[in-house]
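run_22.tsv follows; it contains TSV, C-alpha atoms and all ligand atoms.
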chain	number	residue	atom	x	y	z
A	1	MET	CA	-7.69	13.70	10.10
A	2	LYS	CA	-7.95	15.81	6.95
A	3	ASN	CA	-6.11	13.70	4.37
A	4	PHE	CA	-4.52	10.25	4.62
A	5	LEU	CA	-1.49	10.00	2.37
A	6	SER	CA	1.22	8.50	4.58
A	7	VAL	CA	1.99	7.31	8.09
A	8	ASN	CA	2.50	10.96	9.07
A	9	ASP	CA	-1.27	11.43	8.98
A	10	VAL	CA	-1.87	8.92	11.81
A	11	LEU	CA	1.06	9.56	14.14
A	12	PRO	CA	1.57	8.67	16.91
A	13	LEU	CA	1.03	5.04	15.99
A	14	GLN	CA	-0.08	3.56	19.32
A	15	PRO	CA	-3.36	5.53	19.57
A	16	ALA	CA	-4.04	4.78	15.88
A	17	LEU	CA	-3.56	1.06	16.53
A	18	ALA	CA	-5.85	1.32	19.57
A	19	LEU	CA	-8.54	2.92	17.38
A	20	ALA	CA	-8.12	0.12	14.86
A	21	ARG	CA	-8.64	-2.46	17.62
A	22	GLU	CA	-11.83	-0.63	18.65
A	23	VAL	CA	-13.08	-0.62	15.06
A	24	LYS	CA	-12.32	-4.31	14.67
A	25	ALA	CA	-14.02	-5.25	17.95
A	26	ASN	CA	-17.14	-3.26	17.16
A	27	PRO	CA	-17.42	-2.56	13.44
A	28	PHE	CA	-21.00	-1.24	13.55
A	29	ALA	CA	-20.55	1.18	16.47
A	30	ASP	CA	-20.36	4.17	14.11
A	31	GLY	CA	-23.08	3.15	11.69
A	32	GLU	CA	-24.63	6.63	11.84
A	33	LEU	CA	-21.41	8.62	11.46
A	34	GLY	CA	-21.43	8.43	7.67
A	35	ARG	CA	-25.14	9.06	7.14
A	36	ASN	CA	-25.73	11.30	4.11
A	37	LYS	CA	-22.01	11.33	3.39
A	38	THR	CA	-20.75	10.02	0.07
A	39	LEU	CA	-17.41	8.40	-0.62
A	40	LEU	CA	-16.07	8.56	-4.17
A	41	MET	CA	-13.43	5.96	-5.00
A	42	VAL	CA	-11.40	6.82	-8.12
A	43	PHE	CA	-9.32	4.06	-9.69
A	44	PHE	CA	-6.68	4.75	-12.33
A	45	ASN	CA	-5.55	1.11	-11.86
A	46	ALA	CA	-7.08	-2.30	-11.17
A	47	SER	CA	-7.91	-3.51	-7.67
A	48	LEU	CA	-9.65	-6.33	-5.85
A	49	ARG	CA	-8.91	-5.84	-2.14
A	50	THR	CA	-8.78	-2.06	-1.98
A	51	ARG	CA	-11.99	-1.74	-3.94
A	52	LEU	CA	-13.95	-4.20	-1.81
A	53	SER	CA	-12.47	-3.54	1.62
A	54	THR	CA	-12.75	0.25	1.38
A	55	GLN	CA	-16.31	-0.03	0.12
A	56	ARG	CA	-17.14	-2.43	2.95
A	57	ALA	CA	-15.56	-0.04	5.48
A	58	ALA	CA	-17.65	2.86	4.17
A	59	LEU	CA	-20.83	0.78	4.31
A	60	ASN	CA	-20.06	-0.17	7.94
A	61	LEU	CA	-19.96	3.57	8.67
A	62	GLY	CA	-23.31	4.18	6.95
A	63	MET	CA	-21.82	6.03	3.96
A	64	ASN	CA	-22.95	5.99	0.35
A	65	VAL	CA	-20.30	4.90	-2.12
A	66	ILE	CA	-19.63	5.78	-5.77
A	67	VAL	CA	-16.83	4.06	-7.70
A	68	LEU	CA	-15.23	5.49	-10.83
A	69	ASP	CA	-12.84	3.46	-12.96
A	70	ILE	CA	-11.02	6.00	-15.06
A	71	ASN	CA	-10.08	3.44	-17.70
A	72	GLN	CA	-13.56	1.96	-18.05
A	73	GLY	CA	-16.26	4.35	-19.15
A	74	ALA	CA	-14.76	7.70	-18.07
A	75	TRP	CA	-13.07	10.15	-20.43
A	76	LYS	CA	-9.35	9.58	-20.72
A	77	LEU	CA	-7.72	12.24	-18.56
A	78	GLU	CA	-4.78	14.44	-19.49
A	79	THR	CA	-2.51	14.86	-16.47
A	80	GLU	CA	0.32	16.98	-17.94
A	81	ARG	CA	0.21	20.78	-17.65
A	82	GLY	CA	0.37	23.17	-20.57
A	83	VAL	CA	-0.07	20.59	-23.32
A	84	VAL	CA	-1.99	21.15	-26.54
A	85	MET	CA	-4.77	18.62	-26.13
A	86	ASP	CA	-4.83	17.34	-29.69
A	87	GLY	CA	-4.26	13.68	-28.75
A	88	ASP	CA	-6.55	10.95	-27.46
A	89	LYS	CA	-7.43	12.56	-24.10
A	90	PRO	CA	-10.62	14.67	-24.20
A	91	GLU	CA	-10.57	15.97	-20.61
A	92	HIS	CA	-7.96	17.54	-18.33
A	93	ILE	CA	-7.55	16.52	-14.73
A	94	LEU	CA	-7.75	20.25	-13.84
A	95	GLU	CA	-11.49	20.21	-14.60
A	96	ALA	CA	-12.17	16.57	-13.79
A	97	ILE	CA	-10.91	16.77	-10.19
A	98	PRO	CA	-13.01	19.72	-8.96
A	99	VAL	CA	-16.02	18.22	-10.77
A	100	MET	CA	-15.52	14.92	-8.92
A	101	GLY	CA	-15.25	16.94	-5.71
A	102	CYS	CA	-18.75	18.34	-6.32
A	103	TYR	CA	-20.32	14.89	-6.09
A	104	CYS	CA	-18.90	13.55	-2.83
A	105	ASP	CA	-17.64	14.33	0.68
A	106	ILE	CA	-14.47	12.21	0.71
A	107	ILE	CA	-12.32	10.96	-2.19
A	108	GLY	CA	-10.12	7.85	-2.31
A	109	VAL	CA	-7.62	7.71	-5.18
A	110	ARG	CA	-5.57	4.88	-6.66
A	111	ALA	CA	-2.91	6.14	-9.08
A	112	PHE	CA	0.15	3.90	-9.45
A	113	ALA	CA	3.60	4.98	-10.51
A	114	GLY	CA	3.99	5.10	-14.29
A	115	LEU	CA	7.59	3.83	-13.83
A	116	HIS	CA	8.83	5.98	-16.73
A	117	ASP	CA	9.96	9.13	-14.94
A	118	ARG	CA	11.15	8.80	-11.36
A	119	ASP	CA	10.85	12.48	-10.50
A	120	TYR	CA	7.29	12.64	-11.82
A	121	ASP	CA	6.31	9.51	-9.85
A	122	TYR	CA	7.99	10.62	-6.63
A	123	ARG	CA	6.25	14.01	-6.77
A	124	GLU	CA	2.91	12.13	-6.38
A	125	GLU	CA	1.54	14.42	-9.06
A	126	ILE	CA	-1.92	12.87	-9.33
A	127	LEU	CA	-2.68	12.40	-5.61
A	128	ASN	CA	-1.41	15.88	-4.84
A	129	GLN	CA	-3.61	17.41	-7.52
A	130	PHE	CA	-6.63	15.71	-5.94
A	131	VAL	CA	-5.61	17.24	-2.60
A	132	GLN	CA	-5.14	20.64	-4.19
A	133	TYR	CA	-8.16	20.84	-6.49
A	134	SER	CA	-10.95	18.58	-5.19
A	135	GLY	CA	-11.86	20.69	-2.16
A	136	LYS	CA	-12.49	17.44	-0.28
A	137	PRO	CA	-10.49	15.20	2.09
A	138	VAL	CA	-8.41	12.76	0.05
A	139	PHE	CA	-6.98	9.39	1.01
A	140	SER	CA	-4.54	7.20	-0.86
A	141	MET	CA	-5.70	3.83	-2.15
A	142	GLU	CA	-2.07	3.38	-3.40
A	143	GLY	CA	-0.29	6.29	-4.92
A	144	ALA	CA	2.95	6.32	-6.91
A	145	THR	CA	5.19	5.96	-3.86
A	146	ARG	CA	3.10	4.66	-0.94
A	147	HIS	CA	0.24	2.30	-0.06
A	148	PRO	CA	-0.61	3.44	3.47
A	149	LEU	CA	-3.92	1.56	3.88
A	150	GLN	CA	-1.99	-1.63	3.14
A	151	SER	CA	0.83	-0.81	5.55
A	152	PHE	CA	-1.65	0.09	8.29
A	153	ALA	CA	-3.38	-3.31	7.79
A	154	ASP	CA	0.04	-5.02	7.80
A	155	LEU	CA	0.95	-3.41	11.08
A	156	ILE	CA	-2.42	-4.30	12.65
A	157	THR	CA	-1.76	-7.90	11.57
A	158	ILE	CA	1.77	-7.99	12.99
A	159	GLU	CA	0.49	-6.57	16.28
A	160	GLU	CA	-2.14	-9.33	16.42
A	161	TYR	CA	0.29	-12.19	15.74
A	162	LYS	CA	3.58	-11.09	17.30
A	163	LYS	CA	4.84	-13.37	20.07
A	164	THR	CA	7.46	-10.97	21.42
A	165	PRO	CA	7.21	-7.21	22.01
A	166	LYS	CA	9.92	-6.41	19.46
A	167	PRO	CA	9.69	-9.01	16.68
A	168	LYS	CA	12.25	-9.27	13.91
A	169	VAL	CA	10.49	-8.23	10.71
A	170	LEU	CA	12.13	-9.05	7.39
A	171	LEU	CA	11.08	-7.26	4.20
A	172	THR	CA	12.35	-9.32	1.29
A	173	TRP	CA	12.34	-8.54	-2.43
A	174	ALA	CA	11.07	-11.52	-4.43
A	175	PRO	CA	11.03	-12.22	-8.18
A	176	HIS	CA	8.21	-11.24	-10.53
A	177	PRO	CA	8.07	-11.15	-14.34
A	178	LYS	CA	6.64	-7.61	-14.70
A	179	ALA	CA	7.83	-4.25	-13.42
A	180	LEU	CA	5.99	-3.28	-10.23
A	181	PRO	CA	6.07	-0.02	-8.27
A	182	GLN	CA	8.01	0.53	-5.04
A	183	ALA	CA	4.90	1.84	-3.25
A	184	VAL	CA	4.21	-1.21	-1.08
A	185	PRO	CA	7.78	-1.75	0.19
A	186	ASN	CA	8.37	2.03	0.60
A	187	SER	CA	5.27	2.34	2.68
A	188	PHE	CA	5.89	-0.84	4.67
A	189	ALA	CA	9.37	0.48	5.55
A	190	GLU	CA	7.98	3.88	6.47
A	191	TRP	CA	5.45	2.34	8.88
A	192	ILE	CA	7.76	-0.28	10.40
A	193	ASN	CA	10.37	2.44	10.96
A	194	GLN	CA	7.83	4.07	13.30
A	195	THR	CA	7.83	0.97	15.54
A	196	ASP	CA	10.51	-0.40	17.84
A	197	TYR	CA	10.67	-3.73	15.98
A	198	GLU	CA	13.95	-5.11	14.64
A	199	PHE	CA	13.63	-4.29	10.95
A	200	VAL	CA	15.76	-5.84	8.20
A	201	ILE	CA	15.42	-5.39	4.44
A	202	THR	CA	16.93	-7.81	1.94
A	203	HIS	CA	17.10	-7.52	-1.83
A	204	PRO	CA	19.53	-8.29	-4.64
A	205	GLU	CA	22.08	-5.67	-5.63
A	206	GLY	CA	20.48	-2.96	-7.76
A	207	TYR	CA	17.08	-3.09	-6.08
A	208	ASP	CA	17.83	-0.52	-3.36
A	209	LEU	CA	14.81	1.49	-2.25
A	210	ASP	CA	14.68	5.25	-1.79
A	211	PRO	CA	16.76	6.03	1.34
A	212	ALA	CA	13.98	8.38	2.50
A	213	PHE	CA	11.88	5.26	3.19
A	214	VAL	CA	14.65	2.87	4.28
A	215	GLN	CA	15.87	5.39	6.89
A	216	GLY	CA	17.87	3.54	9.54
A	217	ALA	CA	16.75	0.02	8.62
A	218	ARG	CA	19.46	-2.63	8.24
A	219	VAL	CA	19.89	-3.73	4.63
A	220	GLU	CA	21.27	-7.29	4.46
A	221	TYR	CA	22.32	-8.77	1.12
A	222	ASP	CA	23.06	-12.22	2.59
A	223	LEU	CA	19.78	-14.15	2.51
A	224	GLU	CA	20.77	-16.59	5.27
A	225	LYS	CA	21.62	-13.76	7.65
A	226	ALA	CA	18.51	-11.83	6.67
A	227	TYR	CA	16.15	-14.74	7.40
A	228	ALA	CA	17.94	-15.91	10.57
A	229	GLY	CA	15.60	-15.63	13.55
A	230	ALA	CA	12.94	-13.59	11.71
A	231	ASP	CA	9.44	-13.57	13.25
A	232	PHE	CA	7.73	-12.18	10.14
A	233	VAL	CA	8.77	-12.51	6.50
A	234	TYR	CA	7.09	-9.86	4.36
A	235	ALA	CA	7.67	-10.51	0.66
A	236	LYS	CA	7.16	-8.08	-2.20
A	237	ASN	CA	8.53	-7.53	-5.65
A	238	TRP	CA	9.54	-4.08	-6.80
A	239	SER	CA	11.30	-2.71	-9.84
A	240	ALA	CA	14.58	-0.81	-9.77
A	241	TYR	CA	14.51	2.57	-8.04
A	242	THR	CA	18.14	3.71	-8.14
A	243	GLY	CA	20.38	4.25	-11.11
A	244	GLU	CA	19.35	3.48	-14.64
A	245	PRO	CA	17.03	2.16	-15.78
A	246	TYR	CA	14.37	3.32	-13.30
A	247	GLY	CA	11.25	1.17	-13.04
A	248	LYS	CA	12.72	-1.84	-14.86
A	249	VAL	CA	13.04	-5.53	-14.03
A	250	LEU	CA	16.80	-6.11	-13.66
A	251	HIS	CA	16.29	-9.85	-13.21
A	252	ALA	CA	13.75	-12.19	-11.63
A	253	ASP	CA	16.15	-14.48	-9.79
A	254	ARG	CA	14.14	-17.30	-8.26
A	255	ARG	CA	16.77	-17.86	-5.60
A	256	TRP	CA	14.87	-15.04	-3.88
A	257	THR	CA	11.53	-16.87	-3.94
A	258	VAL	CA	10.31	-17.41	-0.38
A	259	ASP	CA	10.51	-21.18	0.16
A	260	ALA	CA	10.40	-23.68	3.01
A	261	ARG	CA	14.19	-23.89	3.22
A	262	LYS	CA	14.57	-20.17	3.86
A	263	MET	CA	11.58	-20.15	6.20
A	264	SER	CA	13.32	-22.92	8.21
A	265	LEU	CA	16.07	-20.41	9.10
A	266	THR	CA	13.54	-18.20	10.88
A	267	ASN	CA	11.99	-18.25	14.31
A	268	ASN	CA	8.90	-20.07	12.92
A	269	ALA	CA	8.13	-16.87	11.06
A	270	TYR	CA	4.77	-15.94	9.67
A	271	PHE	CA	4.65	-15.25	5.95
A	272	MET	CA	3.04	-12.01	4.75
A	273	HIS	CA	2.23	-10.51	1.34
A	274	CYS	CA	-0.20	-7.75	0.37
A	275	LEU	CA	-1.65	-9.78	-2.56
A	276	PRO	CA	-2.13	-10.25	-5.45
A	277	VAL	CA	0.73	-12.74	-5.34
A	278	ARG	CA	2.29	-14.88	-8.07
A	279	ARG	CA	2.68	-18.37	-6.64
A	280	ASN	CA	6.03	-20.07	-7.15
A	281	MET	CA	7.57	-16.77	-8.20
A	282	ILE	CA	7.19	-14.70	-5.01
A	283	VAL	CA	6.44	-17.64	-2.68
A	284	THR	CA	6.15	-21.40	-3.06
A	285	ASP	CA	2.79	-23.14	-2.74
A	286	GLU	CA	4.18	-24.95	0.26
A	287	VAL	CA	4.78	-21.73	2.22
A	288	ILE	CA	1.66	-19.81	1.22
A	289	ASP	CA	-0.54	-22.86	1.87
A	290	SER	CA	1.04	-23.50	5.29
A	291	PRO	CA	-0.40	-22.33	8.62
A	292	ALA	CA	2.44	-19.77	8.73
A	293	SER	CA	0.78	-17.74	5.99
A	294	LEU	CA	-1.13	-14.63	7.11
A	295	VAL	CA	-2.12	-13.36	3.68
A	296	ILE	CA	-5.87	-13.77	4.18
A	297	GLN	CA	-5.79	-12.25	7.67
A	298	GLU	CA	-3.87	-9.28	6.22
A	299	ALA	CA	-6.45	-8.82	3.50
A	300	ALA	CA	-9.25	-9.02	6.08
A	301	ASN	CA	-7.56	-6.26	8.07
A	302	ARG	CA	-7.82	-3.96	5.06
A	303	VAL	CA	-11.42	-3.33	6.13
A	304	VAL	CA	-10.13	-2.35	9.57
A	305	SER	CA	-7.47	0.06	8.30
A	306	ALA	CA	-9.89	1.66	5.83
A	307	GLN	CA	-12.67	1.97	8.39
A	308	THR	CA	-10.32	3.51	10.98
A	309	VAL	CA	-9.13	6.10	8.48
A	310	LEU	CA	-12.62	6.89	7.15
A	311	ARG	CA	-13.93	7.20	10.67
A	312	GLU	CA	-11.27	9.76	11.58
A	313	ILE	CA	-11.90	11.76	8.40
A	314	LEU	CA	-15.69	11.68	9.00
A	315	ARG	CA	-15.24	12.86	12.57
A	316	GLU	CA	-13.38	15.89	11.32
A	317	LEU	CA	-16.15	16.59	8.78
A	318	ALA	CA	-18.92	16.32	11.36
A	401	LIG	C1	0.57	-3.67	-7.32
A	401	LIG	C2	1.91	-3.18	-6.78
A	401	LIG	O1	2.86	-3.96	-6.77
A	401	LIG	O2	2.02	-2.01	-6.35
A	401	LIG	C3	-0.51	-3.57	-6.27
A	401	LIG	C4	-0.22	-4.24	-4.97
A	401	LIG	C5	-1.25	-3.98	-3.94
A	401	LIG	N1	0.69	-5.05	-7.74
A	401	LIG	C6	0.52	-5.45	-8.98
A	401	LIG	O3	0.31	-4.64	-9.85
A	401	LIG	C7	0.60	-6.92	-9.27
A	402	LIG	N1	-3.33	-5.34	-1.64
A	402	LIG	C1	-4.07	-4.61	-2.48
A	402	LIG	O1	-4.10	-3.38	-2.43
A	402	LIG	O2	-4.79	-5.33	-3.38
A	402	LIG	P1	-5.59	-4.75	-4.64
A	402	LIG	O3	-4.57	-4.23	-5.61
A	402	LIG	O4	-6.35	-5.92	-5.16
A	402	LIG	O5	-6.49	-3.64	-4.17

Encoding of this model in structure tokens:
Amino acid sequence: MKNFLSVNDVLPLQPALALAREVKANPFADGELGRNKTLLMVFFNASLRTRLSTQRAALNLGMNVIVLDINQGAWKLETERGVVMDGDKPEHILEAIPVMGCYCDIIGVRAFAGLHDRDYDYREEILNQFVQYSGKPVFSMEGATRHPLQSFADLITIEEYKKTPKPKVLLTWAPHPKALPQAVPNSFAEWINQTDYEFVITHPEGYDLDPAFVQGARVEYDLEKAYAGADFVYAKNWSAYTGEPYGKVLHADRRWTVDARKMSLTNNAYFMHCLPVRRNMIVTDEVIDSPASLVIQEAANRVVSAQTVLREILRELA
């Protein structure tokens, strides 16, 4: 694997899931693979899980790790081309990226959608410039439009807990007070669309996702029908993608909060969320505190997805 930016970099899925099982069963088997190799993790945005799990994965592989938080202690970076740099940003990404590439063997990048300009976000400008100018393999730690390490961990978790070969997986929008990117639901849809599960997406009118990610999935606006018989309920908030205004909160209707009543319509479904989660907005305490909740197991599997990806990139470097 050269870069890891979307599900397309790990297809076909079954062998990738088998590798993940191997990594999980024997996390220290490749403790020499990363010797004298350095991972640089670059964060344009905050993180708890991605930061710790990816670092842990690299340590399991014997790598050295450097972490750079762009907004804490680094120069502010200009990302637009052709601008007169007379503002508050002293360095351009065009120098900063190749310089970062000089100090490491693999680069992980977190650069969320700005949610101001849909075309700019959906071009994945920042991640793609790292691919183009760093000279090193690059993996996404959540870009503007996808969060593939999360989706890979989600799929590993569903595979571990599914009780039938083709479970019904429901992706539901849920309310949140602030505008959030579409990266997690886009990516989740993109990965689940590669499986033979029954996949249903539900959201209020106006919150449609990019059809490129929804593909053939059934979109169900009726909550009762959407939840009926589900084996997994995957909740996430996202801001508006279609129409105007892009990247805005249209409403935060708490009828969409995942609660025990809706969960009772399911086939004893497990509850999933990538975290961080706002309790009693996205999901009630009762549901997230119940044995049906897999949120901690999902987070634990972030080490597995990151280690599987790093291992495959390191193998190609060796
Ligand atoms: C981010 C998002 O919704 O994309 C990160 C999730 C992993 N969430 C928040 O900013 C709360
Ligand atoms: N799920 C996830 O990526 O969490 P962080 O934003 O804390 O890394």

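Atom to atom, atom CA of Lys24 of chain A and atom CA of Lys166 of chain A stand 22.8 Å apart.
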
Might I get the box with edges along x, y and z of the file that holds all atoms of ligand LIG 401 (chain A) listed there, padded by 8 Å on every side, given as centre and edge lengths in Å to one decimal, as AutoDock Vina command-line options?
--center_x 0.8 --center_y -4.5 --center_z -6.9 --size_x 20.1 --size_y 20.9 --size_z 21.9

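Candidate residues A:Ser305, A:Thr242, A:Asn36, A:Asn128 were compared for distance to ligand LIG 402 (chain A), and the nearest is A:Ser305, using only C-alpha atoms and all ligand atoms.
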
Mind running segment 149-240 of chain A against segment 284-290 of chain A at 12 Å and telling me each contacting residue's nearest atom pair with the distance in Å (one decimal), counting only C-alpha atoms, chain and number ascending, as a Markdown table?
| residue | atom | partner | partner_atom | distance |
| --- | --- | --- | --- | --- |
| A:Ala174 | CA | A:Thr284 | CA | 11.1 |
| A:Pro175 | CA | A:Thr284 | CA | 11.6 |
| A:Val233 | CA | A:Val287 | CA | 10.9 |
| A:Tyr234 | CA | A:Ile288 | CA | 11.8 |
| A:Ala235 | CA | A:Ile288 | CA | 11.1 |

Selection to disk with C-alpha atoms, as a PDB file, in the coordinates of the input:
ATOM      1  CA  ALA A 174      11.070 -11.520  -4.430  1.00  0.00           C
ATOM      2  CA  PRO A 175      11.030 -12.220  -8.180  1.00  0.00           C
ATOM      3  CA  VAL A 233       8.770 -12.510   6.500  1.00  0.00           C
ATOM      4  CA  TYR A 234       7.090  -9.860   4.360  1.00  0.00           C
ATOM      5  CA  ALA A 235       7.670 -10.510   0.660  1.00  0.00           C
TER       6      ALA A 235
END

Rows by chain and residue number, chain A within 10 Å of ligand LIG 401 (chain A), shortest pair, all atoms listed in the file, as JSON lines:
{"residue": "A:Asn45", "atom": "CA", "partner": "A:LIG401", "partner_atom": "O3", "distance": 8.5}
{"residue": "A:Ala46", "atom": "CA", "partner": "A:LIG401", "partner_atom": "O3", "distance": 7.9}
{"residue": "A:Ser47", "atom": "CA", "partner": "A:LIG401", "partner_atom": "C3", "distance": 7.5}
{"residue": "A:Leu48", "atom": "CA", "partner": "A:LIG401", "partner_atom": "C5", "distance": 8.9}
{"residue": "A:Arg49", "atom": "CA", "partner": "A:LIG401", "partner_atom": "C5", "distance": 8.1}
{"residue": "A:Thr50", "atom": "CA", "partner": "A:LIG401", "partner_atom": "C5", "distance": 8.0}
{"residue": "A:Arg110", "atom": "CA", "partner": "A:LIG401", "partner_atom": "C3", "distance": 9.9}
{"residue": "A:Ala111", "atom": "CA", "partner": "A:LIG401", "partner_atom": "O2", "distance": 9.9}
{"residue": "A:Phe112", "atom": "CA", "partner": "A:LIG401", "partner_atom": "O2", "distance": 6.9}
{"residue": "A:Ala113", "atom": "CA", "partner": "A:LIG401", "partner_atom": "O2", "distance": 8.3}
{"residue": "A:Met141", "atom": "CA", "partner": "A:LIG401", "partner_atom": "C5", "distance": 9.2}
{"residue": "A:Glu142", "atom": "CA", "partner": "A:LIG401", "partner_atom": "O2", "distance": 7.4}
{"residue": "A:Gly143", "atom": "CA", "partner": "A:LIG401", "partner_atom": "O2", "distance": 8.7}
{"residue": "A:Ala144", "atom": "CA", "partner": "A:LIG401", "partner_atom": "O2", "distance": 8.4}
{"residue": "A:Thr145", "atom": "CA", "partner": "A:LIG401", "partner_atom": "O2", "distance": 8.9}
{"residue": "A:Arg146", "atom": "CA", "partner": "A:LIG401", "partner_atom": "O2", "distance": 8.7}
{"residue": "A:His147", "atom": "CA", "partner": "A:LIG401", "partner_atom": "C5", "distance": 7.5}
{"residue": "A:Leu149", "atom": "CA", "partner": "A:LIG401", "partner_atom": "C5", "distance": 9.9}
{"residue": "A:Gln150", "atom": "CA", "partner": "A:LIG401", "partner_atom": "C5", "distance": 7.5}
{"residue": "A:His176", "atom": "CA", "partner": "A:LIG401", "partner_atom": "C7", "distance": 8.8}
{"residue": "A:Pro177", "atom": "CA", "partner": "A:LIG401", "partner_atom": "C7", "distance": 10.0}
{"residue": "A:Lys178", "atom": "CA", "partner": "A:LIG401", "partner_atom": "C7", "distance": 8.2}
{"residue": "A:Ala179", "atom": "CA", "partner": "A:LIG401", "partner_atom": "O1", "distance": 8.3}
{"residue": "A:Leu180", "atom": "CA", "partner": "A:LIG401", "partner_atom": "O1", "distance": 4.7}
{"residue": "A:Pro181", "atom": "CA", "partner": "A:LIG401", "partner_atom": "O2", "distance": 4.9}
{"residue": "A:Gln182", "atom": "CA", "partner": "A:LIG401", "partner_atom": "O2", "distance": 6.6}
{"residue": "A:Ala183", "atom": "CA", "partner": "A:LIG401", "partner_atom": "O2", "distance": 5.7}
{"residue": "A:Val184", "atom": "CA", "partner": "A:LIG401", "partner_atom": "O2", "distance": 5.8}
{"residue": "A:Pro185", "atom": "CA", "partner": "A:LIG401", "partner_atom": "O2", "distance": 8.7}
{"residue": "A:Lys236", "atom": "CA", "partner": "A:LIG401", "partner_atom": "O1", "distance": 7.5}
{"residue": "A:Asn237", "atom": "CA", "partner": "A:LIG401", "partner_atom": "O1", "distance": 6.8}
{"residue": "A:Trp238", "atom": "CA", "partner": "A:LIG401", "partner_atom": "O1", "distance": 6.7}
{"residue": "A:Ser239", "atom": "CA", "partner": "A:LIG401", "partner_atom": "O1", "distance": 9.1}
{"residue": "A:His273", "atom": "CA", "partner": "A:LIG401", "partner_atom": "C5", "distance": 9.1}
{"residue": "A:Cys274", "atom": "CA", "partner": "A:LIG401", "partner_atom": "C5", "distance": 5.8}
{"residue": "A:Leu275", "atom": "CA", "partner": "A:LIG401", "partner_atom": "C5", "distance": 6.0}
{"residue": "A:Pro276", "atom": "CA", "partner": "A:LIG401", "partner_atom": "C7", "distance": 5.8}
{"residue": "A:Val277", "atom": "CA", "partner": "A:LIG401", "partner_atom": "C7", "distance": 7.0}
{"residue": "A:Arg278", "atom": "CA", "partner": "A:LIG401", "partner_atom": "C7", "distance": 8.2}

Q) What's the 10 Å shell around Glu95 of chain A, counting only C-alpha atoms, without same-chain residues fewer than 6 positions away, as JSON, numbers by chain? A) {"A": [77, 133, 134]}

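Of the listed residues (A:Gly87, A:Pro148, A:Pro167, A:Gly101), A:Pro148 comes nearest to ligand LIG 402 (chain A); the distances count only C-alpha atoms and all ligand atoms.
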
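Of the listed residues A:Ile296, A:Val138, A:Val283, A:Val309, the one whose atoms come nearest to ligand LIG 402 (chain A) is A:Ile296, with distances taken using all atoms listed in the file.
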
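Closest approach to ligand LIG 402 (chain A) among A:Leu19, A:Ala300, A:Ile313, A:Leu115 is made by A:Ala300 (distances from all atoms listed in the file).
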
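If you measure from each of A:Asn280, A:Gln132, A:Asn301, A:Gln55 to Ala153 of chain A using only C-alpha atoms, the closest one turns out to be A:Asn301.
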
Q.
(-15.2, 2.6, -18.2) in this file's frame - what residues fall within 12 Å of it? Use all atoms listed in the file and give the answer as a ChimeraX atom specification.
A. /A:42-46,67-76

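Between Gly31 of chain A and the candidates A:Thr79, A:Gln129, A:Ser151, A:Gln307, the tightest atom-to-atom separation, counting only C-alpha atoms, involves A:Gln307.
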
Q: May I have the residues within 9 Å of Gly34 of chain A as an MDAnalysis selection string, using all atoms listed in the file and disregarding those fewer than 6 positions away in the same chain?
A: chainID A and resid 58:64 310:311 314

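Atom CA of Asn186 of chain A is positioned 29.2 Å from atom CA of Pro27 of chain A.
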
Q: Could you pull out every residue with an atom within 9 Å of (-15.1, -2.6, 12.4), file coordinates, counting all atoms listed in the file, and send them as a PyMOL selection string?
A: chain A and resi 20-30+57+60-61+303-304+307-308

Q | Spatial neighbours of Ala292 of chain A, max dist 7 Å, all atoms listed in the file, sep filter under 4 positions, as a list in words | A | Ala269, Tyr270 and Phe271 of chain A
